[in-house]
Structure formats: structure tokens, C-alpha cells
Amino acid sequence: MKDSRVLISAAIVFCYTVGSYGLGLWLPLILDAHQLSTTAIGWLSVIPFLFATLATLVLARFVDRTGLKFYTLLFTLILGLAGMIAAVYADDLMPALICVSFGLVGTIAARTVFYTIPQHFLAGAAAAGGLAFINSIGAFGGFVGPSIMGWVKSGTGTYDAGMMAMAGFLVVAIGATFMLKRMVRSI
């Protein structure tokens, strides 16, 4: 916990997990606002996660071949941010679903890319403790994201403000990623 790189890494994981779970767990209710059947909501909810799975595999292979960990992580976070912001302004179902898909692709793929980075500054027992700390803080984001989305939805009556809140966490993750790059030149 004394290593600032671990603290910054924990902040990155926390922030993209807030965005990922905040959007992902509320997706069926977001789709329900379009007056769809339960079956349609179920099938449409699969689409962003399907693309996120494919993108995760493609980006993992890309990082293995090129070694561009920092830039790929930055790309995923910016993609997630852009998708969430664009979803707020997309009024029709299909454009909104495409934007939400970009948001989830970015936040879910960030997880795979991020975990290639700590090996550059953690080794041995420090790696086990550091990764456990990073994961613990990140897992808490899985509670915070959906909670914030729910609180904001209850307070405003719309999902738009919640999406912007999730986007705000991604902005923090992007800033923290730049800070980590300054500390760990090899990523």
C-alpha cells in the first residue's frame, strides 16, 4: 500500500469497474425504458457483451504482439468514455445500443489490458499482495457503480445523469493511467 504505483493502479481498476458494472448491470432496465418485451430486452442485452468479449480477445492478442499496453489501455478507456457520453445523446434505440456497446467494450476490455501492466513493477511476494490490493479496491467498484447509477436514476428520473457519472469515473481512470505511465516508463 506504500507503493504509489499500486495505489494508482487500484484507482484505475476501481474507476473502470464502476463504469463497467454501473452500465452493465443497469442495461436491461435502460433497455426497458424503450418499452420492449422481456424477450427483446434479453436478446438485446447480449449484444454489447458479445462485442466486448470479441474485443477483449482481439485487444489481448494485439497487446501480446505489439507490447503497446499503455496506449491500448488508454484506447479502451477513451472508447468506454466516448460510448457512454454518446449514449446520453442517442435518442433512438439502435444508436443508443451501439453507443452502450462501445461503452461496455471499452470498460470490459480495459480489464484484460490493465492486468498486463503490474508485472512491470511488482514481483514476488509484492506481486501477490499488490494484485490482491488492486483487485480488492477494484471489486468495490462493482458495488459502487450500480449503486451510483441507482441513486442518480432515483434522484433525476433518467439514466442520462448516471451515464455521465460513469463517464466521469472513466475520465479519472484516464488521468490515473497517464500518471501510471509517468511512473512506469516500460508500459
# chains A, B, ... in the order shown; residues from 1 in each chain; ligands from 1
$ residues_around --residues "Ile174 (chain A)" --least-positions-apart "3" --cutoff "9 Å" --atoms "only C-alpha atoms" --output "PyMOL selection string"
chain A and resi 12+73-74+77-78+169-171+177-179
$ residues_around --residues "Leu81 (chain A)" --least-positions-apart "3" --cutoff "10 Å" --atoms "only C-alpha atoms" --output "number ranges by chain"
A: 16, 19, 75-78, 84-87, 99, 102-104, 106-107, 163-164, 166-171, 173-174
$ residues_around --residues "Ala165 (chain A)" --least-positions-apart "6" --cutoff "12 Å" --atoms "only C-alpha atoms" --output "PyMOL selection string"
chain A and resi 15-16+18-20+22-23+81+84-85+88+144-153+159+171-172
$ atom_distance --atom1 "CA of Ser136 (chain A)" --atom2 "CA of Gly175 (chain A)"
20.7 Å
$ closest_atom_pairs --of "region 73-158 of chain A" --to "region 33-49 of chain A" --cutoff "10 Å" --atoms "only C-alpha atoms" --output "tab-separated table"
residue	atom	partner	partner_atom	distance
A:Asp91	CA	A:His34	CA	9.8
A:Asp92	CA	A:His34	CA	8.7
A:Leu93	CA	A:His34	CA	7.0
A:Met94	CA	A:Leu44	CA	9.7
A:Leu97	CA	A:Pro48	CA	7.7
A:Ile98	CA	A:Pro48	CA	7.8
A:Cys99	CA	A:Pro48	CA	9.2
A:Val100	CA	A:Pro48	CA	7.0
A:Ser101	CA	A:Pro48	CA	4.2
A:Phe102	CA	A:Pro48	CA	7.5
A:Gly103	CA	A:Pro48	CA	8.5
A:Leu104	CA	A:Pro48	CA	6.4
A:Val105	CA	A:Pro48	CA	7.0
A:Ile108	CA	A:Phe49	CA	8.6
A:Thr158	CA	A:Ala33	CA	9.4
$ closest_residue --among "A:Ala127, A:Leu54, A:Ala110, A:Pro95" --to "Thr72 (chain A)" --atoms "only C-alpha atoms"
A:Ala110
$ residues_around --residues "region 2-5 of chain A" --least-positions-apart "2" --cutoff "9 Å" --atoms "only C-alpha atoms" --output "ChimeraX atom specification"
/A:7-10,118,121,130,179-180,183-184
$ write_last_selection --atoms "C-alpha atoms" --output "tab-separated table (two decimals), in the first residue's frame"
chain	number	residue	atom	x	y	z
A	7	LEU	CA	-2.49	2.91	-5.38
A	8	ILE	CA	-2.82	4.45	-8.82
A	9	SER	CA	-3.41	1.02	-10.34
A	10	ALA	CA	-6.14	0.38	-7.77
A	118	PRO	CA	1.52	-4.61	-12.90
A	121	PHE	CA	6.63	-3.02	-11.20
A	130	GLY	CA	-0.18	-5.74	-4.69
A	179	MET	CA	0.08	9.18	-14.01
A	180	LEU	CA	0.99	5.49	-14.02
A	183	MET	CA	5.93	6.33	-13.09
A	184	VAL	CA	6.38	3.15	-15.14
$ closest_residue --among "A:Leu31, A:Thr17, A:Gly80, A:Tyr115" --to "Ala52 (chain A)" --atoms "only C-alpha atoms"
A:Gly80
$ residues_around --residues "Leu57 (chain A)" --least-positions-apart "2" --cutoff "12 Å" --atoms "only C-alpha atoms" --output "NGL selection string"
:A and (50-55 or 59-64 or 105 or 108-113)
